[in-house]
Amino acid sequence: MTDYDDDRPEPRGELMIQLVPLPADTNANGDVYAGWLVQQMDTAAGTLAGRISQGRNATVAMDRMEFLSPLRIGAQVGCYCELVDIGRSSMKIHVEVWTRDRHNKGSRKVTEGLFVYVAIDEHGRIREVPEQAH
């Protein structure tokens, strides 16, 4: 999907949120709904976008996502985010989701995606992203 290494043994980016899906988050087979996972990814990336933009932001796009393997109930889920690009008012954030099953010590990547945000003001209008310190 990306030019990142899919066989990379470690997550790329900063851990933004970590949680465990509950029975209400799954289908009849015990697999977590894709929509639940996308919501967590958007929350994680939106948190980083808010930190970068120092205020409100809005999701304007998501790149194609592939779900590499099912996510089971009770698995520990971590969303890792990395700023890929920053424009005058926009931010592109790469998100990887890694999981650790209850009975397995190793981690595995479940999915990844690219989320695009714009900084907005209190009226919902696009504004500039503040200059970033390096």
# chains A, B, ... in the order shown; residues from 1 in each chain; ligands from 1
>>> residues_around(residues="A:His103", least_positions_apart="5", cutoff="12 Å", atoms="only C-alpha atoms", output="JSON list (two decimals) with all heavy atoms, in the first residue's frame")
[["chain", "number", "residue", "atom", "x", "y", "z"],
["A", 72, "ARG", "N", -9.22, -9.48, 16.65],
["A", 72, "ARG", "CA", -10.10, -10.24, 17.53],
["A", 72, "ARG", "C", -10.42, -9.47, 18.81],
["A", 72, "ARG", "O", -9.65, -8.64, 19.26],
["A", 72, "ARG", "CB", -9.45, -11.58, 17.90],
["A", 72, "ARG", "CG", -9.07, -12.46, 16.73],
["A", 72, "ARG", "CD", -10.23, -13.05, 16.03],
["A", 72, "ARG", "NE", -10.98, -13.89, 16.96],
["A", 72, "ARG", "CZ", -12.13, -14.45, 16.69],
["A", 72, "ARG", "NH1", -12.69, -14.27, 15.52],
["A", 72, "ARG", "NH2", -12.75, -15.19, 17.57],
["A", 73, "ILE", "N", -11.56, -9.81, 19.36],
["A", 73, "ILE", "CA", -11.98, -9.22, 20.62],
["A", 73, "ILE", "C", -10.93, -9.48, 21.69],
["A", 73, "ILE", "O", -10.30, -10.53, 21.72],
["A", 73, "ILE", "CB", -13.35, -9.78, 21.05],
["A", 73, "ILE", "CG1", -13.85, -9.05, 22.27],
["A", 73, "ILE", "CG2", -13.28, -11.27, 21.28],
["A", 73, "ILE", "CD1", -15.27, -9.39, 22.62],
["A", 74, "GLY", "N", -10.70, -8.50, 22.54],
["A", 74, "GLY", "CA", -9.74, -8.64, 23.64],
["A", 74, "GLY", "C", -8.30, -8.37, 23.28],
["A", 74, "GLY", "O", -7.45, -8.34, 24.15],
["A", 75, "ALA", "N", -8.02, -8.15, 21.99],
["A", 75, "ALA", "CA", -6.64, -7.86, 21.58],
["A", 75, "ALA", "C", -6.28, -6.43, 21.99],
["A", 75, "ALA", "O", -7.12, -5.54, 21.99],
["A", 75, "ALA", "CB", -6.50, -8.01, 20.07],
["A", 76, "GLN", "N", -5.04, -6.24, 22.35],
["A", 76, "GLN", "CA", -4.55, -4.90, 22.68],
["A", 76, "GLN", "C", -4.22, -4.20, 21.37],
["A", 76, "GLN", "O", -3.46, -4.72, 20.55],
["A", 76, "GLN", "CB", -3.31, -5.03, 23.56],
["A", 76, "GLN", "CG", -2.74, -3.73, 24.03],
["A", 76, "GLN", "CD", -1.52, -3.96, 24.92],
["A", 76, "GLN", "OE1", -1.12, -5.08, 25.18],
["A", 76, "GLN", "NE2", -0.95, -2.88, 25.38]]
>>> residues_around(residues="A:Ile86", least_positions_apart="5", cutoff="10 Å", atoms="only C-alpha atoms", output="list in words")
Ala49, Ile52, Ser53, Met91, Lys92, Ile93, Val116, Tyr117, Val118, Val129 and Gln132 of chain A
>>> residues_around(residues="stretch 56-60 of chain A", least_positions_apart="5", cutoff="12 Å", atoms="only C-alpha atoms", output="PyMOL selection string")
chain A and resi 39+41-51+89-93+114-129
>>> write_last_selection(atoms="N, CA, C and O atoms", output="tab-separated table (two decimals), in the first residue's frame")
chain	number	residue	atom	x	y	z
A	39	GLN	N	-12.39	4.49	13.13
A	39	GLN	CA	-12.69	5.54	14.12
A	39	GLN	C	-11.51	5.75	15.05
A	39	GLN	O	-11.14	6.90	15.35
A	41	MET	N	-8.35	5.07	14.45
A	41	MET	CA	-7.26	5.66	13.66
A	41	MET	C	-7.47	7.16	13.48
A	41	MET	O	-6.53	7.94	13.60
A	42	ASP	N	-8.71	7.55	13.18
A	42	ASP	CA	-9.03	8.96	13.00
A	42	ASP	C	-8.86	9.73	14.30
A	42	ASP	O	-8.33	10.85	14.31
A	43	THR	N	-9.24	9.12	15.40
A	43	THR	CA	-9.06	9.75	16.72
A	43	THR	C	-7.57	9.96	17.01
A	43	THR	O	-7.16	11.04	17.44
A	44	ALA	N	-6.78	8.93	16.75
A	44	ALA	CA	-5.33	9.02	17.01
A	44	ALA	C	-4.67	10.08	16.13
A	44	ALA	O	-3.94	10.95	16.63
A	45	ALA	N	-4.94	10.03	14.84
A	45	ALA	CA	-4.33	11.00	13.92
A	45	ALA	C	-4.85	12.40	14.19
A	45	ALA	O	-4.10	13.38	14.11
A	46	GLY	N	-6.13	12.53	14.54
A	46	GLY	CA	-6.70	13.83	14.87
A	46	GLY	C	-6.08	14.44	16.10
A	46	GLY	O	-5.94	15.66	16.21
A	47	THR	N	-5.69	13.58	17.04
A	47	THR	CA	-5.00	14.05	18.25
A	47	THR	C	-3.65	14.65	17.89
A	47	THR	O	-3.29	15.73	18.36
A	48	LEU	N	-2.90	13.96	17.02
A	48	LEU	CA	-1.62	14.51	16.58
A	48	LEU	C	-1.82	15.78	15.76
A	48	LEU	O	-1.10	16.76	15.94
A	49	ALA	N	-2.82	15.79	14.89
A	49	ALA	CA	-3.10	16.99	14.09
A	49	ALA	C	-3.45	18.18	14.99
A	49	ALA	O	-3.02	19.31	14.73
A	50	GLY	N	-4.18	17.94	16.06
A	50	GLY	CA	-4.52	19.00	17.00
A	50	GLY	C	-3.30	19.55	17.71
A	50	GLY	O	-3.19	20.76	17.94
A	51	ARG	N	-2.38	18.66	18.03
A	51	ARG	CA	-1.14	19.10	18.67
A	51	ARG	C	-0.32	19.96	17.71
A	51	ARG	O	0.22	21.00	18.09
A	89	SER	N	-2.13	24.91	5.47
A	89	SER	CA	-3.25	24.65	6.38
A	89	SER	C	-3.50	23.16	6.59
A	89	SER	O	-4.36	22.80	7.39
A	90	SER	N	-2.77	22.30	5.91
A	90	SER	CA	-3.05	20.86	5.96
A	90	SER	C	-1.91	20.07	6.59
A	90	SER	O	-0.76	20.52	6.63
A	91	MET	N	-2.27	18.88	7.05
A	91	MET	CA	-1.32	17.94	7.64
A	91	MET	C	-1.65	16.54	7.14
A	91	MET	O	-2.80	16.14	7.17
A	92	LYS	N	-0.63	15.82	6.66
A	92	LYS	CA	-0.79	14.42	6.26
A	92	LYS	C	-0.15	13.56	7.35
A	92	LYS	O	1.02	13.75	7.68
A	93	ILE	N	-0.95	12.63	7.87
A	93	ILE	CA	-0.49	11.80	8.98
A	93	ILE	C	-0.65	10.33	8.63
A	93	ILE	O	-1.75	9.88	8.28
A	114	LEU	N	-3.34	6.73	5.38
A	114	LEU	CA	-2.89	8.11	5.38
A	114	LEU	C	-4.11	9.01	5.57
A	114	LEU	O	-5.07	8.91	4.80
A	115	PHE	N	-4.09	9.82	6.60
A	115	PHE	CA	-5.19	10.72	6.93
A	115	PHE	C	-4.73	12.15	6.67
A	115	PHE	O	-3.61	12.51	7.00
A	116	VAL	N	-5.62	12.95	6.09
A	116	VAL	CA	-5.31	14.35	5.80
A	116	VAL	C	-6.27	15.23	6.59
A	116	VAL	O	-7.48	15.00	6.58
A	117	TYR	N	-5.71	16.21	7.27
A	117	TYR	CA	-6.48	17.15	8.10
A	117	TYR	C	-6.19	18.57	7.66
A	117	TYR	O	-5.12	18.85	7.13
A	118	VAL	N	-7.16	19.46	7.92
A	118	VAL	CA	-6.92	20.88	7.78
A	118	VAL	C	-7.18	21.53	9.12
A	118	VAL	O	-8.07	21.11	9.88
A	119	ALA	N	-6.39	22.54	9.42
A	119	ALA	CA	-6.60	23.33	10.63
A	119	ALA	C	-7.81	24.23	10.39
A	119	ALA	O	-7.96	24.79	9.29
A	120	ILE	N	-8.68	24.36	11.38
A	120	ILE	CA	-9.85	25.23	11.25
A	120	ILE	C	-9.96	26.14	12.47
A	120	ILE	O	-9.46	25.83	13.55
A	121	ASP	N	-10.62	27.27	12.28
A	121	ASP	CA	-10.81	28.22	13.38
A	121	ASP	C	-12.11	27.91	14.12
A	121	ASP	O	-12.78	26.92	13.81
A	122	GLU	N	-12.47	28.78	15.04
A	122	GLU	CA	-13.67	28.57	15.86
A	122	GLU	C	-14.97	28.62	15.06
A	122	GLU	O	-16.02	28.18	15.52
A	123	HIS	N	-14.90	29.13	13.84
A	123	HIS	CA	-16.08	29.20	12.96
A	123	HIS	C	-16.09	28.10	11.91
A	123	HIS	O	-16.95	28.09	11.04
A	124	GLY	N	-15.08	27.20	11.99
A	124	GLY	CA	-15.01	26.11	11.04
A	124	GLY	C	-14.36	26.46	9.72
A	124	GLY	O	-14.41	25.69	8.76
A	125	ARG	N	-13.73	27.62	9.64
A	125	ARG	CA	-13.04	28.05	8.42
A	125	ARG	C	-11.57	27.62	8.47
A	125	ARG	O	-10.95	27.62	9.54
A	126	ILE	N	-11.05	27.32	7.30
A	126	ILE	CA	-9.65	26.89	7.21
A	126	ILE	C	-8.73	28.01	7.67
A	126	ILE	O	-8.95	29.18	7.35
A	127	ARG	N	-7.71	27.64	8.44
A	127	ARG	CA	-6.71	28.59	8.92
A	127	ARG	C	-5.32	28.01	8.70
A	127	ARG	O	-5.18	26.82	8.39
A	128	GLU	N	-4.31	28.82	8.88
A	128	GLU	CA	-2.94	28.34	8.72
A	128	GLU	C	-2.50	27.51	9.91
A	128	GLU	O	-2.92	27.77	11.04
A	129	VAL	N	-1.65	26.54	9.64
A	129	VAL	CA	-1.00	25.77	10.70
A	129	VAL	C	0.14	26.61	11.22
A	129	VAL	O	0.93	27.14	10.43
>>> atom_distance(atom1="atom CA of A:Asp85", atom2="atom CA of A:Ser69")
28.0 Å
>>> select_by_dssp(residues="chain A", states="strand (DSSP E)", output="PyMOL selection string")
chain A and resi 14-19+57-62+76-86+90-100+108-119
>>> atom_distance(atom1="atom CA of A:Ala34", atom2="atom CA of A:Phe67")
8.2 Å
>>> atom_distance(atom1="atom CA of A:Gly55", atom2="atom CA of A:Val20")
27.7 Å
>>> select_by_dssp(residues="stretch 5-120 of chain A", states="helix (DSSP H, G or I)", output="VMD selection string")
chain A and resid 23 to 25 34 to 53
>>> closest_residue(among="A:Gly87, A:Pro9, A:Gly78, A:Gly106", to="A:Pro21", atoms="only C-alpha atoms")
A:Gly78
>>> closest_residue(among="A:Gly113, A:Asp25, A:Gln40, A:Leu15", to="A:Ala61", atoms="only C-alpha atoms")
A:Gly113
>>> decode(residues="stretch 20-35 of chain A", atoms="all heavy atoms", output="mmCIF file, in the first residue's frame")
data_model
loop_
_atom_site.group_PDB
_atom_site.id
_atom_site.type_symbol
_atom_site.label_atom_id
_atom_site.label_comp_id
_atom_site.auth_asym_id
_atom_site.auth_seq_id
_atom_site.Cartn_x
_atom_site.Cartn_y
_atom_site.Cartn_z
ATOM 1 N N VAL A 20 -8.476 -1.679 24.092
ATOM 2 C CA VAL A 20 -8.893 -3.057 23.876
ATOM 3 C C VAL A 20 -10.345 -3.043 23.409
ATOM 4 O O VAL A 20 -11.201 -2.492 24.097
ATOM 5 C CB VAL A 20 -8.758 -3.882 25.181
ATOM 6 C CG1 VAL A 20 -9.301 -5.289 24.991
ATOM 7 C CG2 VAL A 20 -7.305 -3.922 25.648
ATOM 8 N N PRO A 21 -10.644 -3.632 22.240
ATOM 9 C CA PRO A 21 -12.029 -3.680 21.785
ATOM 10 C C PRO A 21 -12.875 -4.587 22.671
ATOM 11 O O PRO A 21 -12.399 -5.611 23.157
ATOM 12 C CB PRO A 21 -11.927 -4.231 20.360
ATOM 13 C CG PRO A 21 -10.598 -4.874 20.265
ATOM 14 C CD PRO A 21 -9.718 -4.233 21.291
ATOM 15 N N LEU A 22 -14.128 -4.201 22.845
ATOM 16 C CA LEU A 22 -15.060 -4.927 23.702
ATOM 17 C C LEU A 22 -16.076 -5.679 22.844
ATOM 18 O O LEU A 22 -16.156 -5.462 21.635
ATOM 19 C CB LEU A 22 -15.754 -3.932 24.630
ATOM 20 C CG LEU A 22 -14.809 -3.140 25.538
ATOM 21 C CD1 LEU A 22 -15.589 -2.098 26.318
ATOM 22 C CD2 LEU A 22 -14.042 -4.071 26.469
ATOM 23 N N PRO A 23 -16.881 -6.547 23.435
ATOM 24 C CA PRO A 23 -17.849 -7.323 22.651
ATOM 25 C C PRO A 23 -18.772 -6.470 21.772
ATOM 26 O O PRO A 23 -19.117 -6.885 20.657
ATOM 27 C CB PRO A 23 -18.647 -8.068 23.720
ATOM 28 C CG PRO A 23 -17.670 -8.236 24.841
ATOM 29 C CD PRO A 23 -16.850 -6.969 24.835
ATOM 30 N N ALA A 24 -19.154 -5.293 22.204
ATOM 31 C CA ALA A 24 -20.034 -4.426 21.402
ATOM 32 C C ALA A 24 -19.350 -3.927 20.133
ATOM 33 O O ALA A 24 -20.023 -3.440 19.220
ATOM 34 C CB ALA A 24 -20.493 -3.235 22.241
ATOM 35 N N ASP A 25 -18.024 -4.057 20.039
ATOM 36 C CA ASP A 25 -17.253 -3.584 18.893
ATOM 37 C C ASP A 25 -17.042 -4.662 17.824
ATOM 38 O O ASP A 25 -16.313 -4.441 16.865
ATOM 39 C CB ASP A 25 -15.884 -3.072 19.353
ATOM 40 C CG ASP A 25 -15.996 -2.020 20.436
ATOM 41 O OD1 ASP A 25 -16.886 -1.153 20.318
ATOM 42 O OD2 ASP A 25 -15.207 -2.076 21.402
ATOM 43 N N THR A 26 -17.668 -5.839 18.012
ATOM 44 C CA THR A 26 -17.409 -6.969 17.129
ATOM 45 C C THR A 26 -18.664 -7.466 16.424
ATOM 46 O O THR A 26 -19.788 -7.209 16.846
ATOM 47 C CB THR A 26 -16.816 -8.151 17.919
ATOM 48 O OG1 THR A 26 -17.781 -8.603 18.869
ATOM 49 C CG2 THR A 26 -15.542 -7.746 18.637
ATOM 50 N N ASN A 27 -18.424 -8.223 15.361
ATOM 51 C CA ASN A 27 -19.517 -8.889 14.657
ATOM 52 C C ASN A 27 -19.821 -10.230 15.342
ATOM 53 O O ASN A 27 -19.217 -10.562 16.370
ATOM 54 C CB ASN A 27 -19.180 -9.056 13.167
ATOM 55 C CG ASN A 27 -17.951 -9.919 12.933
ATOM 56 O OD1 ASN A 27 -17.568 -10.764 13.738
ATOM 57 N ND2 ASN A 27 -17.311 -9.697 11.791
ATOM 58 N N ALA A 28 -20.701 -11.018 14.752
ATOM 59 C CA ALA A 28 -21.120 -12.293 15.348
ATOM 60 C C ALA A 28 -19.988 -13.315 15.430
ATOM 61 O O ALA A 28 -20.056 -14.260 16.228
ATOM 62 C CB ALA A 28 -22.287 -12.873 14.549
ATOM 63 N N ASN A 29 -18.936 -13.125 14.653
ATOM 64 C CA ASN A 29 -17.800 -14.053 14.678
ATOM 65 C C ASN A 29 -16.713 -13.636 15.655
ATOM 66 O O ASN A 29 -15.690 -14.306 15.763
ATOM 67 C CB ASN A 29 -17.201 -14.174 13.273
ATOM 68 C CG ASN A 29 -18.180 -14.761 12.292
ATOM 69 O OD1 ASN A 29 -18.874 -15.719 12.601
ATOM 70 N ND2 ASN A 29 -18.253 -14.178 11.114
ATOM 71 N N GLY A 30 -16.900 -12.510 16.331
ATOM 72 C CA GLY A 30 -15.899 -12.044 17.285
ATOM 73 C C GLY A 30 -14.800 -11.194 16.682
ATOM 74 O O GLY A 30 -13.814 -10.888 17.346
ATOM 75 N N ASP A 31 -14.955 -10.832 15.406
ATOM 76 C CA ASP A 31 -13.977 -9.960 14.758
ATOM 77 C C ASP A 31 -14.427 -8.510 14.897
ATOM 78 O O ASP A 31 -15.604 -8.199 14.801
ATOM 79 C CB ASP A 31 -13.852 -10.300 13.269
ATOM 80 C CG ASP A 31 -13.305 -11.702 13.038
ATOM 81 O OD1 ASP A 31 -12.426 -12.120 13.805
ATOM 82 O OD2 ASP A 31 -13.762 -12.368 12.098
ATOM 83 N N VAL A 32 -13.477 -7.625 15.125
ATOM 84 C CA VAL A 32 -13.773 -6.202 15.317
ATOM 85 C C VAL A 32 -14.212 -5.586 13.990
ATOM 86 O O VAL A 32 -13.634 -5.854 12.935
ATOM 87 C CB VAL A 32 -12.532 -5.477 15.879
ATOM 88 C CG1 VAL A 32 -12.753 -3.976 15.945
ATOM 89 C CG2 VAL A 32 -12.179 -6.030 17.259
ATOM 90 N N TYR A 33 -15.252 -4.763 14.052
ATOM 91 C CA TYR A 33 -15.737 -4.048 12.873
ATOM 92 C C TYR A 33 -14.648 -3.135 12.324
ATOM 93 O O TYR A 33 -13.958 -2.438 13.076
ATOM 94 C CB TYR A 33 -16.942 -3.168 13.223
ATOM 95 C CG TYR A 33 -18.199 -3.919 13.537
ATOM 96 C CD1 TYR A 33 -18.756 -3.851 14.808
ATOM 97 C CD2 TYR A 33 -18.858 -4.664 12.566
ATOM 98 C CE1 TYR A 33 -19.932 -4.532 15.112
ATOM 99 C CE2 TYR A 33 -20.029 -5.340 12.862
ATOM 100 C CZ TYR A 33 -20.570 -5.271 14.123
ATOM 101 O OH TYR A 33 -21.720 -5.931 14.414
ATOM 102 N N ALA A 34 -14.536 -3.091 10.999
ATOM 103 C CA ALA A 34 -13.566 -2.205 10.347
ATOM 104 C C ALA A 34 -13.852 -0.748 10.689
ATOM 105 O O ALA A 34 -12.932 0.040 10.898
ATOM 106 C CB ALA A 34 -13.590 -2.419 8.837
ATOM 107 N N GLY A 35 -15.120 -0.384 10.767
ATOM 108 C CA GLY A 35 -15.493 0.994 11.088
ATOM 109 C C GLY A 35 -15.009 1.423 12.459
ATOM 110 O O GLY A 35 -14.616 2.575 12.661
#
